[in-house]
Structures are given as C-alpha cells and as structure tokens.
file start_35.csv (CSV, C-alpha atoms)
chain,number,residue,atom,x,y,z
A,783,MET,CA,32.9,-17.7,14.4
A,784,ALA,CA,30.8,-16.5,17.4
A,785,PRO,CA,29.4,-13.0,17.1
A,786,ARG,CA,31.2,-11.9,20.3
A,787,SER,CA,34.6,-13.0,19.1
A,788,THR,CA,33.9,-11.5,15.6
A,789,ALA,CA,33.0,-8.2,17.3
A,790,SER,CA,36.3,-8.3,19.3
A,791,LEU,CA,38.4,-8.9,16.2
A,792,ARG,CA,36.6,-6.2,14.3
A,793,ILE,CA,37.1,-3.6,17.1
A,794,LEU,CA,40.8,-4.4,17.2
A,795,THR,CA,41.2,-3.9,13.4
A,796,ASP,CA,38.6,-1.2,12.6
A,797,PRO,CA,37.4,1.4,15.1
A,798,ARG,CA,34.4,2.5,13.0
A,799,PRO,CA,30.9,1.2,14.0
A,800,ALA,CA,30.0,-2.1,12.3
A,801,PRO,CA,27.6,-1.9,9.3
A,802,ILE,CA,24.2,-3.2,10.1
A,803,LEU,CA,23.9,-5.0,6.8
A,804,PRO,CA,26.5,-5.4,4.0
A,805,SER,CA,25.8,-3.3,0.9
A,806,PRO,CA,25.3,-6.2,-1.5
A,807,VAL,CA,22.6,-7.7,0.8
A,808,MET,CA,20.9,-4.4,1.3
A,809,GLY,CA,20.8,-3.8,-2.4
A,810,MET,CA,19.5,-7.2,-3.1
A,811,LEU,CA,16.8,-6.8,-0.4
A,812,ILE,CA,15.6,-3.6,-2.0
A,813,PHE,CA,15.6,-5.3,-5.4
A,814,VAL,CA,13.6,-8.3,-4.0
A,815,ILE,CA,11.0,-5.9,-2.4
A,816,ALA,CA,10.5,-4.3,-5.9
A,817,GLU,CA,10.2,-7.7,-7.5
A,818,VAL,CA,7.6,-8.8,-4.8
A,819,MET,CA,5.5,-5.7,-5.7
A,820,MET,CA,5.7,-6.6,-9.4
A,821,PHE,CA,4.5,-10.1,-8.8
A,822,ALA,CA,1.8,-8.8,-6.5
A,823,GLY,CA,0.5,-6.7,-9.4
A,824,LEU,CA,0.4,-9.7,-11.7
A,825,ILE,CA,-1.3,-11.8,-9.0
A,826,SER,CA,-3.9,-9.1,-8.4
A,827,ALA,CA,-4.7,-8.8,-12.2
A,828,PHE,CA,-4.9,-12.5,-12.4
A,829,SER,CA,-7.3,-12.8,-9.4
A,830,ILE,CA,-9.6,-10.1,-10.9
A,831,VAL,CA,-9.8,-11.7,-14.3
A,832,LYS,CA,-10.3,-15.1,-12.8
A,833,ALA,CA,-13.1,-13.8,-10.5
A,834,GLY,CA,-14.8,-12.1,-13.5
A,835,ALA,CA,-14.6,-15.2,-15.8
A,836,LEU,CA,-17.7,-17.4,-16.3
A,837,GLY,CA,-15.6,-20.6,-16.0
A,838,TRP,CA,-12.0,-21.2,-14.9
A,839,PRO,CA,-10.2,-22.7,-16.7
A,840,PRO,CA,-12.2,-21.5,-19.8
A,841,PRO,CA,-13.8,-24.3,-21.8
A,842,GLY,CA,-11.7,-25.8,-24.5
A,843,GLN,CA,-8.4,-25.0,-22.8
A,844,PRO,CA,-6.1,-27.8,-21.6
A,845,ARG,CA,-5.8,-28.5,-17.8
A,846,LEU,CA,-2.4,-27.8,-16.2
A,847,PRO,CA,-0.2,-30.7,-15.1
A,848,VAL,CA,-0.8,-30.3,-11.3
A,849,GLU,CA,0.9,-33.5,-10.1
A,850,ALA,CA,4.0,-33.2,-12.3
A,851,THR,CA,4.5,-29.5,-11.2
A,852,ALA,CA,4.0,-30.5,-7.5
A,853,PHE,CA,7.0,-32.8,-8.0
A,854,ASN,CA,8.9,-30.0,-9.7
A,855,THR,CA,8.0,-27.7,-6.8
A,856,ALA,CA,9.6,-30.2,-4.4
A,857,MET,CA,12.8,-30.1,-6.5
A,858,LEU,CA,12.9,-26.3,-6.3
A,859,ILE,CA,12.4,-26.4,-2.5
A,860,ALA,CA,15.1,-29.0,-2.2
A,861,SER,CA,17.5,-26.7,-4.1
A,862,ALA,CA,16.8,-24.0,-1.5
A,863,GLY,CA,17.7,-26.6,1.2
A,864,ALA,CA,20.9,-27.4,-0.6
A,865,LEU,CA,21.8,-23.7,-0.8
A,866,TRP,CA,21.1,-23.3,2.9
A,867,SER,CA,23.4,-26.3,3.7
A,868,SER,CA,26.1,-24.7,1.4
A,869,ARG,CA,25.8,-21.4,3.3
A,870,ARG,CA,26.2,-23.2,6.6
A,871,SER,CA,29.3,-25.0,5.3
A,872,PHE,CA,30.7,-21.8,3.9
A,873,ALA,CA,30.6,-20.2,7.4
A,874,GLN,CA,32.8,-23.1,8.8
A,875,GLN,CA,35.0,-24.3,5.9
A,876,ARG,CA,34.6,-22.5,2.6
A,877,GLN,CA,35.5,-25.3,0.2
A,878,ALA,CA,33.0,-27.7,1.8
A,879,ALA,CA,30.3,-25.4,0.5
A,880,LYS,CA,31.0,-26.4,-3.1
A,881,ARG,CA,29.2,-29.7,-3.2
A,882,PRO,CA,25.9,-28.5,-1.8
A,883,LEU,CA,26.1,-25.4,-4.0
A,884,GLN,CA,26.5,-27.7,-7.1
A,885,LEU,CA,23.5,-29.7,-5.9
A,886,ALA,CA,21.4,-26.5,-5.5
A,887,ILE,CA,22.4,-25.5,-9.1
A,888,GLY,CA,21.6,-28.9,-10.4
A,889,LEU,CA,18.1,-29.0,-8.8
A,890,GLY,CA,17.4,-25.4,-9.9
A,891,ALA,CA,18.4,-26.3,-13.5
A,892,PHE,CA,16.2,-29.4,-13.3
A,893,PHE,CA,13.2,-27.2,-12.3
A,894,VAL,CA,13.8,-24.8,-15.2
A,895,CYS,CA,14.2,-27.6,-17.8
A,896,PHE,CA,11.1,-29.4,-16.5
A,897,GLN,CA,9.1,-26.2,-16.8
A,898,GLY,CA,10.3,-25.8,-20.4
A,899,TYR,CA,9.3,-29.4,-21.1
A,900,GLU,CA,5.8,-28.7,-19.6
A,901,TRP,CA,5.5,-25.6,-21.7
A,902,ILE,CA,6.2,-27.5,-24.9
A,903,ALA,CA,3.5,-30.0,-24.0
A,904,LEU,CA,1.0,-27.3,-23.2
A,905,ILE,CA,1.7,-25.4,-26.4
A,906,ARG,CA,1.1,-28.7,-28.4
A,907,HIS,CA,-2.2,-29.0,-26.5
A,908,GLY,CA,-3.3,-25.6,-27.7
A,909,LEU,CA,-2.5,-23.4,-24.7
A,910,THR,CA,-0.7,-20.4,-26.1
A,911,LEU,CA,-0.2,-16.8,-25.2
A,912,THR,CA,-3.1,-15.7,-27.4
A,913,SER,CA,-5.5,-18.7,-27.0
A,914,SER,CA,-7.2,-17.1,-24.0
A,915,THR,CA,-6.7,-14.8,-21.0
A,916,TYR,CA,-6.0,-18.1,-19.1
A,917,GLY,CA,-3.0,-18.8,-21.4
A,918,SER,CA,-1.9,-15.2,-21.4
A,919,PHE,CA,-1.8,-15.1,-17.6
A,920,PHE,CA,-0.2,-18.5,-17.3
A,921,TYR,CA,2.7,-17.7,-19.6
A,922,LEU,CA,3.1,-14.2,-18.2
A,923,ILE,CA,3.2,-15.2,-14.5
A,924,VAL,CA,5.0,-18.5,-14.8
A,925,GLY,CA,7.2,-17.2,-17.6
A,926,MET,CA,8.2,-14.2,-15.4
A,927,HIS,CA,9.1,-16.6,-12.6
A,928,GLY,CA,11.0,-18.8,-15.0
A,929,LEU,CA,13.1,-15.7,-16.1
A,930,HIS,CA,13.9,-15.0,-12.4
A,931,ALA,CA,14.8,-18.7,-11.9
A,932,LEU,CA,17.2,-18.4,-14.9
A,933,ALA,CA,18.7,-15.2,-13.5
A,934,GLY,CA,19.0,-16.9,-10.1
A,935,LEU,CA,20.8,-19.9,-11.7
A,936,ALA,CA,23.2,-17.5,-13.4
A,937,VAL,CA,24.1,-15.8,-10.1
A,938,LEU,CA,24.5,-19.2,-8.4
A,939,VAL,CA,26.9,-20.4,-11.2
A,940,ARG,CA,28.8,-17.1,-10.7
A,941,ALA,CA,29.0,-17.8,-7.0
A,942,LEU,CA,30.3,-21.3,-7.7
A,943,LEU,CA,33.0,-20.1,-10.0
A,944,LYS,CA,34.1,-17.5,-7.4
A,945,LEU,CA,34.1,-20.2,-4.7
A,946,THR,CA,36.2,-22.4,-6.9
A,947,LEU,CA,38.7,-19.5,-7.5
A,948,ARG,CA,38.5,-18.8,-3.7
A,949,VAL,CA,37.4,-15.2,-4.2
A,950,LEU,CA,33.8,-15.5,-3.1
A,951,ALA,CA,33.0,-12.8,-0.5
A,952,PRO,CA,30.5,-13.8,2.3
A,953,SER,CA,28.3,-10.7,1.5
A,954,SER,CA,28.2,-11.6,-2.2
A,955,PHE,CA,27.2,-15.1,-1.4
A,956,ALA,CA,24.5,-13.9,1.1
A,957,ALA,CA,23.0,-11.6,-1.6
A,958,THR,CA,23.0,-14.5,-4.1
A,959,ALA,CA,21.3,-16.8,-1.6
A,960,LEU,CA,18.7,-14.1,-0.8
A,961,PHE,CA,17.7,-13.9,-4.5
A,962,TRP,CA,17.4,-17.6,-4.8
A,963,TYR,CA,15.4,-17.9,-1.6
A,964,PHE,CA,13.0,-15.3,-3.1
A,965,VAL,CA,12.7,-17.3,-6.3
A,966,VAL,CA,12.0,-20.5,-4.3
A,967,ALA,CA,9.6,-18.9,-1.8
A,968,LEU,CA,7.6,-17.2,-4.6
A,969,TRP,CA,7.0,-20.4,-6.5
A,970,PRO,CA,4.6,-22.3,-4.1
A,971,VAL,CA,2.4,-19.1,-4.0
A,972,LEU,CA,2.2,-19.0,-7.8
A,973,TYR,CA,1.7,-22.7,-8.0
A,974,ALA,CA,-1.3,-22.5,-5.6
A,975,LEU,CA,-2.8,-19.6,-7.5
A,976,VAL,CA,-2.3,-20.6,-11.1
A,977,TYR,CA,-2.3,-24.4,-11.0
A,978,LEU,CA,-4.8,-25.3,-8.2
B,62,MET,CA,-20.3,51.5,-27.8
B,63,SER,CA,-17.6,50.1,-25.5
B,64,ARG,CA,-19.9,50.3,-22.5
B,65,SER,CA,-22.5,48.1,-24.3
B,66,THR,CA,-19.8,45.6,-25.4
B,67,SER,CA,-18.6,45.1,-21.9
B,68,ALA,CA,-22.2,44.7,-20.7
B,69,SER,CA,-22.8,41.9,-23.3
B,70,ASP,CA,-19.4,40.3,-22.3
B,71,ARG,CA,-20.5,40.2,-18.7
B,72,GLN,CA,-23.9,38.7,-19.7
B,73,ASN,CA,-22.1,36.0,-21.8
B,74,ALA,CA,-19.8,35.1,-18.9
B,75,ARG,CA,-22.8,34.9,-16.6
B,76,ARG,CA,-24.5,32.5,-19.1
B,77,SER,CA,-21.4,30.3,-19.4
B,78,ARG,CA,-21.1,30.1,-15.6
B,79,ALA,CA,-24.8,29.2,-15.3
B,80,LEU,CA,-24.4,26.5,-18.0
B,81,ALA,CA,-21.3,25.0,-16.3
B,82,VAL,CA,-23.3,24.8,-13.0
B,83,LEU,CA,-26.2,23.2,-14.8
B,84,VAL,CA,-23.9,20.6,-16.4
B,85,ALA,CA,-22.1,19.8,-13.2
B,86,SER,CA,-25.5,19.4,-11.4
B,87,ALA,CA,-26.8,17.2,-14.1
B,88,LEU,CA,-23.7,14.9,-13.8
B,89,ALA,CA,-24.1,14.8,-10.1
B,90,PHE,CA,-27.7,13.5,-10.5
B,91,ALA,CA,-26.7,11.0,-13.2
B,92,PRO,CA,-23.9,8.9,-11.8
B,93,ARG,CA,-24.2,6.3,-14.5
B,94,ILE,CA,-22.9,8.8,-17.1
B,95,ALA,CA,-20.1,9.9,-14.7
B,96,GLN,CA,-18.8,6.3,-14.3
B,97,ALA,CA,-15.5,7.0,-16.0
B,98,CYS,CA,-13.4,4.5,-14.1
B,99,ALA,CA,-13.0,1.3,-16.2
B,100,VAL,CA,-12.2,-0.7,-13.1
B,101,CYS,CA,-15.4,0.3,-11.3
B,102,PHE,CA,-17.5,-0.1,-14.4
B,103,SER,CA,-16.4,-3.7,-15.1
B,104,GLY,CA,-16.9,-4.9,-11.5
B,105,ARG,CA,-20.5,-5.9,-11.7
B,106,SER,CA,-20.6,-9.4,-10.3
B,107,ASP,CA,-20.2,-10.0,-6.6
B,108,GLU,CA,-17.1,-12.2,-7.1
B,109,THR,CA,-15.4,-9.5,-9.1
B,110,ARG,CA,-16.2,-6.8,-6.6
B,111,VAL,CA,-14.8,-9.0,-3.8
B,112,ALA,CA,-11.6,-9.6,-5.9
B,113,PHE,CA,-11.3,-5.8,-6.5
B,114,ILE,CA,-11.6,-5.1,-2.7
B,115,ALA,CA,-9.2,-8.0,-1.8
B,116,THR,CA,-6.5,-7.0,-4.3
B,117,THR,CA,-6.8,-3.3,-3.3
B,118,ALA,CA,-6.2,-4.3,0.3
B,119,PHE,CA,-3.4,-6.7,-0.7
B,120,LEU,CA,-1.6,-4.1,-2.8
B,121,THR,CA,-2.0,-1.4,-0.1
B,122,LEU,CA,-0.9,-3.5,2.8
B,123,LEU,CA,2.0,-5.4,1.1
B,124,PRO,CA,4.5,-2.5,0.8
B,125,MET,CA,3.8,-1.5,4.4
B,126,VAL,CA,4.3,-5.0,5.6
B,127,LEU,CA,7.5,-5.4,3.6
B,128,ILE,CA,9.1,-2.1,4.5
B,129,GLY,CA,7.9,-2.4,8.1
B,130,GLY,CA,9.3,-5.9,8.3
B,131,VAL,CA,12.7,-4.8,6.9
B,132,VAL,CA,12.9,-1.8,9.3
B,133,TRP,CA,12.0,-4.0,12.3
B,134,TRP,CA,14.6,-6.7,11.3
B,135,LEU,CA,17.3,-4.1,10.7
B,136,ARG,CA,16.6,-2.5,14.1
B,137,ARG,CA,16.8,-5.8,15.8
B,138,ARG,CA,20.1,-6.6,14.0
B,139,ALA,CA,21.5,-3.1,14.9
B,140,ILE,CA,20.7,-3.7,18.5
B,141,ALA,CA,22.3,-7.1,18.5
B,142,ILE,CA,25.5,-5.8,16.8
B,143,ARG,CA,25.8,-2.8,19.1
B,144,SER,CA,25.4,-5.0,22.3
B,145,ALA,CA,28.0,-7.4,20.9
B,146,GLU,CA,30.4,-4.5,20.4
B,147,ILE,CA,29.8,-3.1,23.9
B,148,GLU,CA,30.5,-6.5,25.4
B,149,ALA,CA,33.6,-7.0,23.3
B,150,ARG,CA,34.9,-3.5,24.2
B,151,ALA,CA,34.3,-4.2,27.9
B,152,ALA,CA,36.2,-7.5,27.5
B,153,ILE,CA,39.2,-5.8,25.8
B,154,HIS,CA,39.4,-2.9,28.4
call {"tool": "encode", "arguments": {"input": "start_35.csv", "output": "structure tokens"}}
result
Amino acid sequence: MAPRSTASLRILTDPRPAPILPSPVMGMLIFVIAEVMMFAGLISAFSIVKAGALGWPPPGQPRLPVEATAFNTAMLIASAGALWSSRRSFAQQRQAAKRPLQLAIGLGAFFVCFQGYEWIALIRHGLTLTSSTYGSFFYLIVGMHGLHALAGLAVLVRALLKLTLRVLAPSSFAATALFWYFVVALWPVLYALVYL
Amino acid sequence: MSRSTSASDRQNARRSRALAVLVASALAFAPRIAQACAVCFSGRSDETRVAFIATTAFLTLLPMVLIGGVVWWLRRRAIAIRSAEIEARAAIH
C-alpha cells in the first residue's frame, strides 16, 4: 500500500499522530546497537593482541579455512537476500512470503552447520580455546557470532510459524529481519579480520 | 603539658605534609614508577601503539556514529510520516 493511502486510512481510523517506529523495531534497534558495541570491544581486543604478537597466526597453529568460509559467507549473504525477498512479498501478499523465508532459514542453518563442521576439523588439527591467544580469540569472536546466528535462526523459525498460523504482525517481522540483517552484516567484517 | 603535646602534634603534622610533598615530587620526576596503567605499559612496539590509538578512536566514534545515525534516520522518517499525514488530511477535507 502506498504511504499516502496508508496515512489516509490511518487518519480515518485513529486520530492520534502515527508512531515514528513500531516498538518491536525500536527495541530491536537498541539491542542491535548494544550488540555492535560488544563486538566492537572484541574486535578492538583482538586487534591489539594481533598487533603485539611476534607472528600471526602463531607458529604451530593451523591455518583457517579461508576459501571454504568464503563460500559459507556467500550462503549467509544469500539468506539475507532471501529474507529481503520474503519481506517484499509479505508487504504485497502475506502467504507468498513463506517460501523465501523458508529459503532464508535453510541457508542460515547451512551456515551454522558448516561453521560447526569447520570447528570440529580445527579442533582435530589442534586449534583449541586454550592452545593460544589465536585460538582463544577465534573461538570467542566466531563463537559469539555463531550464538547470534543460532538466536537469529530461532526468531526466523518463530516468524515462519506465526506466518503459517497467519498471526505474524508486520512490526514483529521487521524486528526479526533487523536482527538477521545485523547477523549477516557483521559476518563479513569478522571474516576479514579473523580469517584474512 | 598539654601545650607541649599540641606543639609536638603540629610538628608531626608538618613533617607528614612535607613527606607527602616529597613523595609526590619524587613520583612526578620518576614517571617509570608511576606507570600504573597496564594498557600503556604493554604498548611498547609501534604496531601495538598504533593499534591502541586506532581502537581508542574506533570505540569512541562508533557509539556517536550509531546514535547519530539512528537519530538522523528517525528524524527523516518522522518528517516523511508527518508530511504524508498533512497531505492525507488535506485530501480528506
């Protein structure tokens, strides 16, 4: 619906001034800002330790799978694209949003599973949380992002269930999408810092 | 008796003050001893120093950019909503 016709409809039904931003989106925005600051702290600590190290990665530590993770990064970005498509469909015809949302969840789940598979391989090669500061920071930063990805998947699945039951509110879907976009936008930064 | 006690108290207080001034002056002239900040103490190489400065700037500017960006975006959104409402009201009346 066009903004002008939406405004006309709203004025006829509700004389109060329109909210600038729905509460769920505003709440999620504040939460995302707090999360950005947390990751900024982790990135800063990592940068200082990396700058002070004699060699990076430290000798004797396995190299990270740069190419495989680049592919996984592409999958995560594709999931954001699918979610964007789902949001567009939702604005026109709600049930048409279901298929791209399922695709976004599938791609996000692939990302998390692939990360888990990589972690198992790295642990087998000797990179653990206590093997070096390199390992500590890798598992701390990437693990923290992985936890956020898992939480993001959970809220996407919740949105899909609500969409199926036809009770998904647009503001709730917008807040869910905002969180997933944050998870996706953060990853290339972490990939460039930690892997490259 | 009491007069002599108060005189010795004053003398002791004066000595303590002089000692405190002496210690403070000594610390001022010996910055290596006064290097209590672990962050400053560990940043000896040039690369680490640059990293400290860069991350300080990053962590200082980031909240301002985030909050400023959100405020700017909300203001733009508010203006757009208000103008749409004014247009809609004009169309109704």
call {"tool": "closest_residue", "arguments": {"input": "start_35.csv", "among": "B:Ala79, B:Val132, B:Ala152, B:Ala89", "to": "chain A", "atoms": "all atoms listed in the file"}}
result
B:Ala152
call {"tool": "residues_around", "arguments": {"input": "start_35.csv", "residues": "stretch 806-818 of chain A", "least_positions_apart": "3", "cutoff": "7 Å", "atoms": "only C-alpha atoms", "output": "list in words"}}
result
Leu803, Phe821, Ala822, Ser953, Ser954, Ala956, Ala957 and Phe961 of chain A; Leu127 of chain B
call {"tool": "interface_residues", "arguments": {"input": "start_35.csv", "of": "chain B", "to": "chain A", "cutoff": "8 Å", "atoms": "only C-alpha atoms", "output": "list in words"}}
result
Gly104, Ser106, Glu108, Thr109, Ala112, Phe113, Thr116, Leu120, Leu123, Pro124, Leu127, Leu135, Arg138, Ala139, Ile142, Ala145, Glu146, Glu148, Ala149, Arg150 and Ile153 of chain B
call {"tool": "atom_distance", "arguments": {"input": "start_35.csv", "atom1": "atom CA of A:Leu904", "atom2": "atom CA of A:Pro970"}}
result
20.1 Å
call {"tool": "residues_around", "arguments": {"input": "start_35.csv", "residues": "A:Ala936", "least_positions_apart": "2", "cutoff": "12 Å", "atoms": "only C-alpha atoms", "output": "list in words"}}
result
Ile887, Gly888, Gly890, Ala891, Leu929, His930, Ala931, Leu932, Ala933, Gly934, Leu938, Val939, Arg940, Ala941, Leu942, Leu943, Thr958, Ala959, Phe961 and Trp962 of chain A
call {"tool": "write_last_selection", "arguments": {"input": "start_35.csv", "atoms": "C-alpha atoms", "output": "PDB file, in the coordinates of the input"}}
result
ATOM      1  CA  ILE A 887      22.400 -25.500  -9.100  1.00  0.00           C
ATOM      2  CA  GLY A 888      21.600 -28.900 -10.400  1.00  0.00           C
ATOM      3  CA  GLY A 890      17.400 -25.400  -9.900  1.00  0.00           C
ATOM      4  CA  ALA A 891      18.400 -26.300 -13.500  1.00  0.00           C
ATOM      5  CA  LEU A 929      13.100 -15.700 -16.100  1.00  0.00           C
ATOM      6  CA  HIS A 930      13.900 -15.000 -12.400  1.00  0.00           C
ATOM      7  CA  ALA A 931      14.800 -18.700 -11.900  1.00  0.00           C
ATOM      8  CA  LEU A 932      17.200 -18.400 -14.900  1.00  0.00           C
ATOM      9  CA  ALA A 933      18.700 -15.200 -13.500  1.00  0.00           C
ATOM     10  CA  GLY A 934      19.000 -16.900 -10.100  1.00  0.00           C
ATOM     11  CA  LEU A 938      24.500 -19.200  -8.400  1.00  0.00           C
ATOM     12  CA  VAL A 939      26.900 -20.400 -11.200  1.00  0.00           C
ATOM     13  CA  ARG A 940      28.800 -17.100 -10.700  1.00  0.00           C
ATOM     14  CA  ALA A 941      29.000 -17.800  -7.000  1.00  0.00           C
ATOM     15  CA  LEU A 942      30.300 -21.300  -7.700  1.00  0.00           C
ATOM     16  CA  LEU A 943      33.000 -20.100 -10.000  1.00  0.00           C
ATOM     17  CA  THR A 958      23.000 -14.500  -4.100  1.00  0.00           C
ATOM     18  CA  ALA A 959      21.300 -16.800  -1.600  1.00  0.00           C
ATOM     19  CA  PHE A 961      17.700 -13.900  -4.500  1.00  0.00           C
ATOM     20  CA  TRP A 962      17.400 -17.600  -4.800  1.00  0.00           C
TER      21      TRP A 962
END
call {"tool": "atom_distance", "arguments": {"input": "start_35.csv", "atom1": "atom CA of A:Ala886", "atom2": "atom CA of A:Gly863"}}
result
7.7 Å
call {"tool": "atom_distance", "arguments": {"input": "start_35.csv", "atom1": "atom CA of B:Val111", "atom2": "atom CA of A:Gly928"}}
result
29.8 Å
call {"tool": "residues_around", "arguments": {"input": "start_35.csv", "residues": "A:Leu972", "least_positions_apart": "6", "cutoff": "10 Å", "atoms": "only C-alpha atoms", "output": "list in words"}}
result
Phe821, Ile825, Phe920, Ile923, Val924, His927 and Leu978 of chain A
call {"tool": "axis_aligned_box", "arguments": {"input": "start_35.csv", "around": "stretch 835-844 of chain A", "padding_each_side": "4 Å", "output": "AutoDock Vina command-line options"}}
result
--center_x -11.9 --center_y -21.5 --center_z -19.7 --size_x 19.6 --size_y 20.6 --size_z 17.6
